[in-house]
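Asker: Got a structure here, written out as structure tokens. Questions coming.
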Amino acid sequence: MLHVAVVGSGPSGVYSAQGLVQQSQVPDVQVDVLDRLPCPYGLVRYGVAPDHEKIKSLQNNLRAVLEDERVRFLGGVQVGPGGVPVARLRELYHAVVYCVGAATDRHLGVPGEELPGSWSATEFVSWYSAHPDSVADAFVLGARSAVVLGVGNVAVDVTRMLARGAAELSPTDMPQSALNALAASRVTEISMVGRRGPSQARFTTKELRELGALPDTDVVVDPEELALDPAYLDPSDLPAAQRRNVEVMRGWAAAGPQGRPRRIRPRFFLRPVELLADGGRVGAVRFERTVPDGQGGVTGTGQYEDIEAQLVLRSVGYRGVPLEGLPFDADRATVPHLAGRVLRDGAVSPGEYVAGWIKRGPTGVIGTNRPCAKETVTSLLEDAPVLVRRDVPEDPLAALRAQGVHPVEWTGWQAIERAEAALGASLGRGVVKLPDWEALLTAARTATS
Ligand code: NAP
């Protein structure tokens, strides 16, 4: 029997578990999928926007894997300091696949970044996704204008969530406190700002188009600003995805504002240089106007523009964090690897693997994790004949319990799901997520009591 631990139950972790049980090379395999949280699915549960029901329904595919009889979900297990050390995990399993994602946000490194009212997009996403570590709930309080920095898909998500009304948010599973706050929001101006041009934006066209379909919201673009990008004037040489983005924006530029009460303003060629204070909190963002340098980058012009904002969401990408006991490439913020095999000082470390964002960096959509996990699982299965020679405990869960670790098992997660359905019913909504540790763990405990 090959015993494997997968650390992290997001898409890359679950696809790794799937790859391990859906193969015939090593038929006797048992996979424990560990997660720090008592809930599975990682960013599918705590990152995909609540109004993206179709993407969220991917949970059903991930569920089928975690319900396979050779797979066991062990939630509420911290790997690393304060929990199960990496070295101990190595003793308990023949192989460990780290799928821990990119747990923090990149920083801008400009003055004023930490002013009250300036948040990372990940903090905002965690809040409306009911992540139990989220504490802030005053994002939109008192704000009329918001600036979202960055033009990736996360920027589009948070921009869209700021522009949605209560009627559209109520059917989602977002926590009641976030729903109430967004329903009471007075934010009417949302600028989503890129430092490069419209043809270089990172968002995908499907996501971009959704902004134009929001009720009560105009998407306002300035054709002259877009025209700073030579590819905007002649998009014929662009790859299809970028060309479609440009075409969508041309459509908005041609339509002009329709006088709706809320406005989303995609802005380009503006590099954030400082967040400006007003009364002890952020009041505006100062940008330097940039121009294309002809090589895909931009150069500054020495001209500046301030955009008013009582709320700033910095959406400039995620970043991996080191896990004590695992090597870490600080420049790339990933774990060094060879086809998924962890490298320690340049040499393969037997039995240690990575998949997902901690392996390749925070890029790609959920489906990108499938081939990424497949490569890692292929390496692991190649190594399996040697790995199984090492003695490991017959039941790693019993060994974990013996050292005081008591995971939330699948029945506990199912109890959380029942509690979320009951909460939603009591509020006259569908499923509503439990937003804090205490509520989640109390619900999970009802499975055994
Ligand atoms: P991203 O796609 O890497 O976009 C980051 C944005 O931040 C880019 O516009 C980048 O501009 C900008 N940026 C970086 N550093 C900056 C700086 N110092 N100043 C100003 N702007 C800066 O990251 P993301 O939006 O966080 O998304 C992460 C991944 O998740 C992506 O692969 C995304 O597609 C995926 N995702 C997908 C969905 C979906 O499918 N619906 C939803 C959410 C996330 P430059 O290009 O100039 O560097």
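Following the order of the structure tokens, first chain is A, next is B, and so on, with residues numbered from 1 inside each chain and ligands from 1 in the order they appear.
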Could you give me the residues within 9 Å of ligand 1, counting only C-alpha atoms and all ligand atoms, as a CSV table (one decimal) with N, CA and C atoms, in the first residue's frame?
Answerer:
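The resulting selection13.csv:
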chain,number,residue,atom,x,y,z
A,47,GLY,N,-12.2,31.7,-3.0
A,47,GLY,CA,-11.6,32.7,-3.9
A,47,GLY,C,-12.5,33.0,-5.1
A,48,VAL,N,-13.1,31.9,-5.6
A,48,VAL,CA,-14.1,32.2,-6.7
A,48,VAL,C,-15.2,33.1,-6.2
A,49,ALA,N,-15.5,34.1,-7.0
A,49,ALA,CA,-16.5,35.1,-6.5
A,49,ALA,C,-17.9,34.4,-6.3
A,52,HIS,N,-20.2,33.7,-9.2
A,52,HIS,CA,-19.8,32.8,-10.3
A,52,HIS,C,-20.2,31.4,-10.0
A,55,ILE,N,-18.7,28.4,-12.0
A,55,ILE,CA,-17.3,27.9,-11.6
A,55,ILE,C,-17.4,27.3,-10.2
A,105,ASP,N,-0.5,38.2,-0.7
A,105,ASP,CA,-0.6,39.1,-1.9
A,105,ASP,C,0.7,39.8,-2.1
A,106,ARG,N,1.0,40.1,-3.4
A,106,ARG,CA,2.2,40.9,-3.7
A,106,ARG,C,2.0,42.3,-3.2
A,107,HIS,N,3.1,43.0,-2.9
A,107,HIS,CA,3.0,44.4,-2.5
A,107,HIS,C,3.4,45.3,-3.6
A,108,LEU,N,2.9,46.5,-3.5
A,108,LEU,CA,3.2,47.6,-4.5
A,108,LEU,C,4.5,48.2,-4.2
A,109,GLY,N,4.8,48.4,-2.9
A,109,GLY,CA,6.0,49.1,-2.5
A,109,GLY,C,6.0,50.6,-2.8
A,110,VAL,N,4.8,51.2,-2.6
A,110,VAL,CA,4.7,52.7,-2.7
A,110,VAL,C,4.2,53.3,-1.4
A,121,ALA,N,-6.6,43.0,-2.4
A,121,ALA,CA,-7.9,42.4,-3.0
A,121,ALA,C,-8.1,41.1,-2.3
A,122,THR,N,-7.1,40.4,-1.9
A,122,THR,CA,-7.3,39.1,-1.2
A,122,THR,C,-8.0,39.2,0.1
A,149,LEU,N,-6.4,48.5,-8.1
A,149,LEU,CA,-5.1,48.5,-8.8
A,149,LEU,C,-4.8,47.2,-9.4
A,150,GLY,N,-4.6,47.2,-10.7
A,150,GLY,CA,-4.3,45.9,-11.4
A,150,GLY,C,-5.5,45.6,-12.4
A,151,VAL,N,-5.1,44.9,-13.5
A,151,VAL,CA,-6.2,44.6,-14.4
A,151,VAL,C,-6.1,43.1,-14.8
A,152,GLY,N,-6.1,42.2,-13.7
A,152,GLY,CA,-6.2,40.8,-13.9
A,152,GLY,C,-7.6,40.3,-13.6
A,153,ASN,N,-7.8,39.0,-13.5
A,153,ASN,CA,-9.2,38.5,-13.2
A,153,ASN,C,-9.6,38.8,-11.8
A,154,VAL,N,-8.7,38.9,-10.9
A,154,VAL,CA,-9.1,39.2,-9.5
A,154,VAL,C,-9.6,40.6,-9.5
A,155,ALA,N,-8.9,41.5,-10.2
A,155,ALA,CA,-9.4,42.9,-10.2
A,155,ALA,C,-10.8,43.0,-10.8
A,156,VAL,N,-11.0,42.2,-11.8
A,156,VAL,CA,-12.4,42.2,-12.4
A,156,VAL,C,-13.4,41.7,-11.4
A,157,ASP,N,-13.0,40.6,-10.7
A,157,ASP,CA,-13.9,40.1,-9.7
A,157,ASP,C,-14.3,41.1,-8.6
A,193,VAL,N,-7.5,50.1,-12.6
A,193,VAL,CA,-6.4,50.8,-13.3
A,193,VAL,C,-5.2,49.9,-13.6
A,194,GLY,N,-4.8,49.9,-14.9
A,194,GLY,CA,-3.6,49.1,-15.3
A,194,GLY,C,-2.4,50.0,-15.6
A,195,ARG,N,-1.2,49.5,-15.3
A,195,ARG,CA,0.0,50.4,-15.5
A,195,ARG,C,0.4,50.3,-17.0
A,196,ARG,N,-0.1,49.2,-17.7
A,196,ARG,CA,0.2,49.1,-19.1
A,196,ARG,C,-1.0,49.3,-19.9
A,197,GLY,N,-1.1,48.9,-21.2
A,197,GLY,CA,-2.2,49.2,-22.1
A,197,GLY,C,-3.3,48.2,-22.1
A,200,GLN,N,-2.6,44.7,-23.1
A,200,GLN,CA,-1.7,43.9,-22.2
A,200,GLN,C,-2.4,43.5,-20.9
A,201,ALA,N,-3.6,43.8,-20.8
A,201,ALA,CA,-4.4,43.5,-19.6
A,201,ALA,C,-4.4,42.0,-19.4
A,202,ARG,N,-4.5,41.5,-18.2
A,202,ARG,CA,-4.4,40.1,-17.9
A,202,ARG,C,-5.8,39.4,-17.8
A,203,PHE,N,-6.8,40.2,-17.7
A,203,PHE,CA,-8.1,39.6,-17.5
A,203,PHE,C,-8.6,38.8,-18.8
A,204,THR,N,-9.5,37.9,-18.6
A,204,THR,CA,-10.0,37.1,-19.8
A,204,THR,C,-11.3,37.8,-20.3
A,206,LYS,N,-14.2,36.7,-21.2
A,206,LYS,CA,-15.5,36.4,-20.6
A,206,LYS,C,-15.7,37.2,-19.3
A,207,GLU,N,-14.7,37.3,-18.5
A,207,GLU,CA,-14.8,38.0,-17.2
A,207,GLU,C,-15.0,39.5,-17.5
A,270,LEU,N,-1.4,54.0,-16.3
A,270,LEU,CA,-1.3,54.8,-15.1
A,270,LEU,C,-0.6,53.9,-14.1
A,271,ARG,N,0.6,54.4,-13.6
A,271,ARG,CA,1.3,53.6,-12.7
A,271,ARG,C,1.2,54.2,-11.3
A,272,PRO,N,0.7,53.4,-10.3
A,272,PRO,CA,0.5,54.0,-9.0
A,272,PRO,C,1.8,54.3,-8.3
A,273,VAL,N,1.9,55.6,-7.8
A,273,VAL,CA,3.2,56.0,-7.2
A,273,VAL,C,3.0,56.3,-5.7
A,296,GLY,N,6.7,46.0,-24.9
A,296,GLY,CA,5.7,45.4,-24.0
A,296,GLY,C,5.7,46.0,-22.6
A,297,GLY,N,6.7,46.9,-22.4
A,297,GLY,CA,6.7,47.6,-21.1
A,297,GLY,C,6.2,49.0,-21.2
A,298,VAL,N,6.4,49.8,-20.2
A,298,VAL,CA,6.0,51.2,-20.2
A,298,VAL,C,7.1,52.1,-19.6
A,314,ARG,N,-5.8,46.7,-3.7
A,314,ARG,CA,-4.6,46.4,-4.5
A,314,ARG,C,-4.7,44.9,-5.0
A,315,SER,N,-4.8,44.9,-6.3
A,315,SER,CA,-5.0,43.5,-6.9
A,315,SER,C,-3.9,43.2,-7.9
A,316,VAL,N,-2.7,43.1,-7.4
A,316,VAL,CA,-1.5,43.0,-8.2
A,316,VAL,C,-0.9,41.6,-8.2
A,317,GLY,N,-1.7,40.7,-7.8
A,317,GLY,CA,-1.2,39.3,-7.8
A,317,GLY,C,-1.0,38.7,-6.5
A,318,TYR,N,-1.0,37.3,-6.5
A,318,TYR,CA,-0.8,36.6,-5.2
A,318,TYR,C,0.7,36.3,-5.1
A,362,PRO,N,1.4,31.9,-9.2
A,362,PRO,CA,0.0,32.2,-9.2
A,362,PRO,C,-0.6,32.6,-10.6
A,363,THR,N,-0.6,31.6,-11.5
A,363,THR,CA,-1.1,31.9,-12.8
A,363,THR,C,-2.0,30.8,-13.3
A,364,GLY,N,-2.8,31.2,-14.2
A,364,GLY,CA,-3.7,30.2,-14.9
A,364,GLY,C,-5.1,30.1,-14.2
A,365,VAL,N,-6.0,29.4,-14.9
A,365,VAL,CA,-7.3,29.2,-14.3
A,365,VAL,C,-7.4,27.9,-13.6
A,366,ILE,N,-8.5,27.5,-13.0
A,366,ILE,CA,-8.6,26.3,-12.2
A,366,ILE,C,-8.1,25.1,-13.0
A,368,THR,N,-6.0,24.8,-15.2
A,368,THR,CA,-4.6,24.7,-15.5
A,368,THR,C,-3.9,23.8,-14.4
Asker: Hey, what does DSSP flag as alpha helix (DSSP H) within stretch 41-260 of chain A? Can you give it to me as a PyMOL selection string?
Answerer: chain A and resi 43-46+53-56+59-66+86-92+121-128+153-163+166-169+176-183+205-212+223-226+230-233+240-255
Asker: What's the 12 Å shell around A:Asp278, counting only C-alpha atoms, without same-chain residues fewer than 4 positions away, as a CSV table (one decimal) with all heavy atoms, in the first residue's frame?
Answerer:
chain,number,residue,atom,x,y,z
A,112,GLY,N,2.1,55.0,1.4
A,112,GLY,CA,0.7,55.1,1.7
A,112,GLY,C,0.0,53.8,1.5
A,112,GLY,O,-1.2,53.7,1.8
A,115,LEU,N,-2.2,52.7,4.4
A,115,LEU,CA,-3.2,53.6,5.0
A,115,LEU,C,-4.5,52.9,5.2
A,115,LEU,O,-4.9,52.0,4.5
A,115,LEU,CB,-3.5,54.8,4.0
A,115,LEU,CG,-2.5,55.9,4.0
A,115,LEU,CD1,-2.9,56.9,2.8
A,115,LEU,CD2,-2.5,56.7,5.3
A,116,PRO,N,-5.2,53.3,6.3
A,116,PRO,CA,-6.6,52.7,6.5
A,116,PRO,C,-7.4,53.0,5.2
A,116,PRO,O,-7.3,54.1,4.6
A,116,PRO,CB,-7.1,53.5,7.7
A,116,PRO,CG,-5.9,54.0,8.4
A,116,PRO,CD,-4.9,54.2,7.4
A,117,GLY,N,-8.2,52.0,4.8
A,117,GLY,CA,-9.0,52.1,3.6
A,117,GLY,C,-8.3,51.5,2.4
A,117,GLY,O,-8.9,51.4,1.3
A,282,VAL,N,-7.1,56.8,3.5
A,282,VAL,CA,-6.8,57.0,2.1
A,282,VAL,C,-7.9,57.9,1.5
A,282,VAL,O,-9.1,57.8,1.8
A,282,VAL,CB,-6.7,55.7,1.3
A,282,VAL,CG1,-8.0,55.0,1.2
A,282,VAL,CG2,-6.0,55.9,0.0
A,283,GLY,N,-7.4,58.9,0.7
A,283,GLY,CA,-8.4,59.8,0.0
A,283,GLY,C,-8.3,59.7,-1.5
A,283,GLY,O,-9.2,60.2,-2.2
A,284,ALA,N,-7.1,59.3,-2.0
A,284,ALA,CA,-6.8,59.3,-3.4
A,284,ALA,C,-5.6,58.5,-3.7
A,284,ALA,O,-4.8,58.2,-2.8
A,284,ALA,CB,-6.6,60.7,-3.9
A,285,VAL,N,-5.5,58.1,-5.0
A,285,VAL,CA,-4.3,57.4,-5.4
A,285,VAL,C,-3.6,58.3,-6.5
A,285,VAL,O,-4.3,58.9,-7.4
A,285,VAL,CB,-4.6,56.1,-6.1
A,285,VAL,CG1,-3.3,55.3,-6.5
A,285,VAL,CG2,-5.4,55.2,-5.1
A,308,GLU,N,-9.6,60.1,-7.0
A,308,GLU,CA,-10.2,60.1,-5.6
A,308,GLU,C,-10.6,58.6,-5.3
A,308,GLU,O,-11.1,57.9,-6.1
A,308,GLU,CB,-11.4,61.0,-5.6
A,308,GLU,CG,-12.1,61.1,-4.3
A,308,GLU,CD,-13.5,61.6,-4.4
A,308,GLU,OE1,-13.7,62.6,-5.1
A,308,GLU,OE2,-14.4,61.0,-3.7
A,309,ALA,N,-10.4,58.2,-4.0
A,309,ALA,CA,-10.8,56.9,-3.6
A,309,ALA,C,-10.8,56.8,-2.1
A,309,ALA,O,-9.7,57.1,-1.5
A,309,ALA,CB,-9.9,55.8,-4.2
A,310,GLN,N,-11.9,56.5,-1.5
A,310,GLN,CA,-11.9,56.2,0.0
A,310,GLN,C,-11.7,54.7,0.2
A,310,GLN,O,-11.6,54.3,1.3
A,310,GLN,CB,-13.3,56.7,0.6
A,310,GLN,CG,-13.6,58.1,0.5
A,310,GLN,CD,-14.1,58.5,-0.9
A,310,GLN,OE1,-14.8,57.8,-1.6
A,310,GLN,NE2,-13.7,59.7,-1.4
A,311,LEU,N,-11.7,54.0,-0.9
A,311,LEU,CA,-11.4,52.5,-0.8
A,311,LEU,C,-10.5,52.2,-1.9
A,311,LEU,O,-10.7,52.5,-3.1
A,311,LEU,CB,-12.7,51.7,-1.0
A,311,LEU,CG,-12.6,50.2,-1.2
A,311,LEU,CD1,-12.0,49.6,0.1
A,311,LEU,CD2,-13.9,49.6,-1.5
Asker: Smallest atom-to-atom distance to A:Pro223: which of A:Val147, A:Ala254, A:Ala339, A:Val14, using only C-alpha atoms?
Answerer: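 The closest residue to A:Pro223 is A:Ala254.
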Asker: Quick one: distance from atom CA of A:Arg344 to atom CA of A:Leu326 in Å, one decimal?
Answerer: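 If I compute the distance from atom CA of A:Arg344 to atom CA of A:Leu326, I get 8.2 Å.
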Asker: Nearest to A:Arg72: which of A:Asp391, A:Glu91, A:Asp436, A:Asp32 is it, counting only C-alpha atoms?
Answerer: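 Once distances to A:Arg72 are computed over only C-alpha atoms, the minimum belongs to A:Asp32.
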Asker: Kindly indicate which residue among A:Asp293, A:Tyr353, A:Cys39, A:Pro327 lies nearest to A:Glu409, using only C-alpha atoms for the distances.
Answerer: A:Cys39
Asker: Between A:Ser199, A:Ala355, A:Ala347, A:Glu224, single out the one closest to A:Ser236, counting only C-alpha atoms.
Answerer: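 Of the candidates, the smallest distance to A:Ser236 is held by A:Ser199.
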Asker: Excluding A:Leu211 and residues on its chain fewer than 5 positions from it, collect all residues at most 9 Å away from it, counting only C-alpha atoms, and give them as a list of chain:residue names.
Answerer: A:Val156, A:Thr159, A:Arg160, A:Ala163, A:Thr217, A:Asp218, A:Val219, A:Ile264
Asker: Nearest residue to A:Phe269 out of A:Pro215, A:Gly76, A:Gly300, A:Gly361, using only C-alpha atoms?
Answerer: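 For A:Phe269, the nearest of the given residues is A:Gly300.
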Asker: Pick out the residues sitting within 12 Å of A:Val221, and hand them over as an mmCIF file with N, CA, C and O atoms, in the first residue's frame; count only C-alpha atoms, and ignore anything fewer than 5 positions along from it in its own chain.
Answerer:
data_model
loop_
_atom_site.group_PDB
_atom_site.id
_atom_site.type_symbol
_atom_site.label_atom_id
_atom_site.label_comp_id
_atom_site.auth_asym_id
_atom_site.auth_seq_id
_atom_site.Cartn_x
_atom_site.Cartn_y
_atom_site.Cartn_z
ATOM 1 N N ILE A 190 -16.029 53.340 -9.648
ATOM 2 C CA ILE A 190 -15.000 52.329 -9.434
ATOM 3 C C ILE A 190 -14.023 52.390 -10.607
ATOM 4 O O ILE A 190 -14.401 52.113 -11.755
ATOM 5 N N SER A 191 -12.798 52.796 -10.327
ATOM 6 C CA SER A 191 -11.771 52.819 -11.374
ATOM 7 C C SER A 191 -10.911 51.575 -11.238
ATOM 8 O O SER A 191 -10.441 51.250 -10.146
ATOM 9 N N MET A 192 -10.724 50.878 -12.341
ATOM 10 C CA MET A 192 -9.876 49.666 -12.351
ATOM 11 C C MET A 192 -8.685 50.004 -13.242
ATOM 12 O O MET A 192 -8.856 50.238 -14.447
ATOM 13 N N VAL A 193 -7.494 50.059 -12.635
ATOM 14 C CA VAL A 193 -6.397 50.780 -13.280
ATOM 15 C C VAL A 193 -5.210 49.864 -13.607
ATOM 16 O O VAL A 193 -4.689 49.185 -12.722
ATOM 17 N N PRO A 198 -4.391 48.517 -22.754
ATOM 18 C CA PRO A 198 -5.531 47.593 -22.797
ATOM 19 C C PRO A 198 -5.195 46.264 -23.468
ATOM 20 O O PRO A 198 -5.757 45.232 -23.107
ATOM 21 N N GLY A 212 -19.868 44.703 -18.418
ATOM 22 C CA GLY A 212 -20.821 45.437 -19.260
ATOM 23 C C GLY A 212 -22.247 44.953 -19.093
ATOM 24 O O GLY A 212 -23.179 45.599 -19.581
ATOM 25 N N LEU A 226 -7.232 54.821 -24.419
ATOM 26 C CA LEU A 226 -7.005 53.500 -25.015
ATOM 27 C C LEU A 226 -6.097 53.602 -26.232
ATOM 28 O O LEU A 226 -5.282 52.715 -26.499
ATOM 29 N N ALA A 227 -6.242 54.713 -26.957
ATOM 30 C CA ALA A 227 -5.492 54.872 -28.203
ATOM 31 C C ALA A 227 -4.002 55.111 -27.979
ATOM 32 O O ALA A 227 -3.215 55.127 -28.933
ATOM 33 N N VAL A 246 -9.697 43.874 -26.489
ATOM 34 C CA VAL A 246 -9.677 45.205 -27.106
ATOM 35 C C VAL A 246 -11.013 45.483 -27.789
ATOM 36 O O VAL A 246 -11.564 46.588 -27.696
ATOM 37 N N VAL A 248 -13.953 44.362 -27.000
ATOM 38 C CA VAL A 248 -14.978 44.667 -25.980
ATOM 39 C C VAL A 248 -14.838 46.129 -25.544
ATOM 40 O O VAL A 248 -15.820 46.870 -25.449
ATOM 41 N N MET A 249 -13.605 46.548 -25.326
ATOM 42 C CA MET A 249 -13.409 47.924 -24.853
ATOM 43 C C MET A 249 -13.737 48.951 -25.932
ATOM 44 O O MET A 249 -14.267 50.022 -25.642
ATOM 45 N N ARG A 250 -13.477 48.591 -27.180
ATOM 46 C CA ARG A 250 -13.876 49.489 -28.280
ATOM 47 C C ARG A 250 -15.390 49.678 -28.286
ATOM 48 O O ARG A 250 -15.884 50.763 -28.526
ATOM 49 N N GLY A 251 -16.093 48.575 -28.010
ATOM 50 C CA GLY A 251 -17.559 48.646 -27.972
ATOM 51 C C GLY A 251 -18.023 49.617 -26.895
ATOM 52 O O GLY A 251 -18.908 50.461 -27.138
ATOM 53 N N TRP A 252 -17.406 49.560 -25.730
ATOM 54 C CA TRP A 252 -17.794 50.464 -24.642
ATOM 55 C C TRP A 252 -17.452 51.908 -25.000
ATOM 56 O O TRP A 252 -18.223 52.827 -24.718
ATOM 57 N N ALA A 253 -16.270 52.078 -25.610
ATOM 58 C CA ALA A 253 -15.863 53.441 -25.980
ATOM 59 C C ALA A 253 -16.863 54.035 -26.975
ATOM 60 O O ALA A 253 -17.232 55.212 -26.885
ATOM 61 N N ALA A 254 -17.323 53.200 -27.901
ATOM 62 C CA ALA A 254 -18.260 53.692 -28.916
ATOM 63 C C ALA A 254 -19.626 53.995 -28.300
ATOM 64 O O ALA A 254 -20.288 54.973 -28.678
ATOM 65 N N ALA A 255 -20.047 53.180 -27.333
ATOM 66 C CA ALA A 255 -21.391 53.361 -26.753
ATOM 67 C C ALA A 255 -21.461 54.605 -25.879
ATOM 68 O O ALA A 255 -22.482 55.293 -25.827
ATOM 69 N N GLY A 256 -20.363 54.912 -25.168
ATOM 70 C CA GLY A 256 -20.376 56.063 -24.261
ATOM 71 C C GLY A 256 -21.257 55.800 -23.054
ATOM 72 O O GLY A 256 -21.991 54.812 -23.002
ATOM 73 N N PRO A 257 -21.203 56.697 -22.038
ATOM 74 C CA PRO A 257 -21.990 56.504 -20.822
ATOM 75 C C PRO A 257 -23.494 56.604 -21.098
ATOM 76 O O PRO A 257 -23.917 57.378 -21.951
ATOM 77 N N ARG A 263 -20.742 53.727 -12.063
ATOM 78 C CA ARG A 263 -19.800 53.709 -13.177
ATOM 79 C C ARG A 263 -18.546 52.896 -12.846
ATOM 80 O O ARG A 263 -17.970 53.073 -11.774
ATOM 81 N N ILE A 264 -18.189 52.024 -13.786
ATOM 82 C CA ILE A 264 -16.895 51.336 -13.723
ATOM 83 C C ILE A 264 -16.023 51.977 -14.791
ATOM 84 O O ILE A 264 -16.443 52.091 -15.945
ATOM 85 N N ARG A 265 -14.820 52.402 -14.383
ATOM 86 C CA ARG A 265 -13.918 53.062 -15.333
ATOM 87 C C ARG A 265 -12.628 52.253 -15.476
ATOM 88 O O ARG A 265 -11.732 52.377 -14.635
ATOM 89 N N PRO A 266 -12.521 51.421 -16.514
ATOM 90 C CA PRO A 266 -11.210 50.797 -16.782
ATOM 91 C C PRO A 266 -10.244 51.884 -17.247
ATOM 92 O O PRO A 266 -10.558 52.647 -18.154
ATOM 93 N N ARG A 267 -9.104 51.993 -16.580
ATOM 94 C CA ARG A 267 -8.124 53.012 -16.924
ATOM 95 C C ARG A 267 -6.791 52.332 -17.250
ATOM 96 O O ARG A 267 -6.492 51.264 -16.724
ATOM 97 N N PHE A 268 -5.998 52.964 -18.091
ATOM 98 C CA PHE A 268 -4.756 52.328 -18.534
ATOM 99 C C PHE A 268 -3.600 53.324 -18.559
ATOM 100 O O PHE A 268 -3.820 54.540 -18.524
#
Asker: Would you mind telling me which residue in A:Met174, A:Ala146, A:Val31, A:Ile307 lies nearest to A:Gly430 when using only C-alpha atoms?
Answerer: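 So, comparing all the options, the nearest one is A:Met174.
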Asker: What's around stretch 371-384 of chain A at 10 Å? Count only C-alpha atoms, leave out sequence neighbours fewer than 3 positions away in its own chain, and write the answer as a VMD selection string.
Answerer: chain A and resid 2 to 4 11 to 20 23 25 to 26 94 to 97 99 337 to 342 350 to 357 359 to 360 367 to 368 387 to 389
Asker: I need the residues in stretch 32-215 of chain A that are strand (DSSP E) according to DSSP; give them as a PyMOL selection string.
Answerer: chain A and resi 32-34+71-74+95-98+104-105+118-120+145-149+189-193
Asker: Please dump the current selection as a CSV table (one decimal), in the first residue's frame; keep N, CA and C atoms.
Answerer:
chain,number,residue,atom,x,y,z
A,32,ASP,N,-4.4,10.7,1.9
A,32,ASP,CA,-5.0,11.6,2.9
A,32,ASP,C,-4.8,13.0,2.3
A,33,VAL,N,-5.9,13.8,2.2
A,33,VAL,CA,-5.9,15.2,1.8
A,33,VAL,C,-6.0,16.0,3.0
A,34,LEU,N,-4.9,16.7,3.4
A,34,LEU,CA,-4.9,17.5,4.6
A,34,LEU,C,-5.2,19.0,4.3
A,71,VAL,N,-9.6,7.9,-0.7
A,71,VAL,CA,-9.2,9.2,-0.4
A,71,VAL,C,-9.9,9.6,0.9
A,72,ARG,N,-9.2,10.3,1.8
A,72,ARG,CA,-9.7,10.7,3.1
A,72,ARG,C,-9.4,12.2,3.3
A,73,PHE,N,-10.5,13.0,3.6
A,73,PHE,CA,-10.3,14.4,3.8
A,73,PHE,C,-10.0,14.6,5.3
A,74,LEU,N,-8.9,15.3,5.6
A,74,LEU,CA,-8.5,15.5,7.0
A,74,LEU,C,-8.4,17.1,7.2
A,95,ALA,N,4.9,9.4,0.6
A,95,ALA,CA,5.1,10.6,-0.2
A,95,ALA,C,4.2,11.7,0.2
A,96,VAL,N,4.7,12.9,0.1
A,96,VAL,CA,3.8,14.1,0.5
A,96,VAL,C,3.8,15.0,-0.7
A,97,VAL,N,2.6,15.4,-1.1
A,97,VAL,CA,2.5,16.4,-2.2
A,97,VAL,C,2.0,17.7,-1.7
A,98,TYR,N,2.8,18.7,-1.8
A,98,TYR,CA,2.4,20.0,-1.2
A,98,TYR,C,1.7,20.8,-2.3
A,104,THR,N,-0.4,34.6,0.1
A,104,THR,CA,-0.5,36.1,0.4
A,104,THR,C,-0.5,36.9,-0.9
A,105,ASP,N,-0.5,38.2,-0.7
A,105,ASP,CA,-0.6,39.1,-1.9
A,105,ASP,C,0.7,39.8,-2.1
A,118,SER,N,-7.0,51.2,2.5
A,118,SER,CA,-6.3,50.5,1.5
A,118,SER,C,-6.1,49.0,1.9
A,119,TRP,N,-6.6,48.1,1.0
A,119,TRP,CA,-6.6,46.7,1.4
A,119,TRP,C,-6.1,45.9,0.2
A,120,SER,N,-5.6,44.7,0.5
A,120,SER,CA,-5.3,43.9,-0.7
A,120,SER,C,-6.6,43.3,-1.2
A,145,SER,N,-16.0,56.5,-3.7
A,145,SER,CA,-15.2,56.1,-4.9
A,145,SER,C,-14.2,55.0,-4.5
A,146,ALA,N,-14.0,54.1,-5.4
A,146,ALA,CA,-13.0,53.0,-5.2
A,146,ALA,C,-12.0,53.0,-6.3
A,147,VAL,N,-10.8,52.7,-6.0
A,147,VAL,CA,-9.8,52.4,-7.0
A,147,VAL,C,-9.3,50.9,-6.8
A,148,VAL,N,-9.4,50.2,-7.9
A,148,VAL,CA,-8.8,48.8,-7.9
A,148,VAL,C,-7.5,48.9,-8.7
A,149,LEU,N,-6.4,48.5,-8.1
A,149,LEU,CA,-5.1,48.5,-8.8
A,149,LEU,C,-4.8,47.2,-9.4
A,189,GLU,N,-18.4,55.1,-8.0
A,189,GLU,CA,-17.4,55.3,-9.0
A,189,GLU,C,-16.3,54.2,-8.7
A,190,ILE,N,-16.0,53.3,-9.6
A,190,ILE,CA,-15.0,52.3,-9.4
A,190,ILE,C,-14.0,52.4,-10.6
A,191,SER,N,-12.8,52.8,-10.3
A,191,SER,CA,-11.8,52.8,-11.4
A,191,SER,C,-10.9,51.6,-11.2
A,192,MET,N,-10.7,50.9,-12.3
A,192,MET,CA,-9.9,49.7,-12.4
A,192,MET,C,-8.7,50.0,-13.2
A,193,VAL,N,-7.5,50.1,-12.6
A,193,VAL,CA,-6.4,50.8,-13.3
A,193,VAL,C,-5.2,49.9,-13.6
Asker: Give me the residues near A:Leu182 as a PyMOL selection string, where near means some atom within 9 Å (using only C-alpha atoms) and where sequence neighbours in that chain fewer than 3 positions away do not count.
Answerer: chain A and resi 139-141+161-166+169+177-179+185-186
Asker: Work out how far apart atom CA of A:Ala136 and atom CA of A:Glu123 are and give it in Å to one decimal.
Answerer: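 Atom-to-atom, atom CA of A:Ala136 to atom CA of A:Glu123, that is 8.0 Å.
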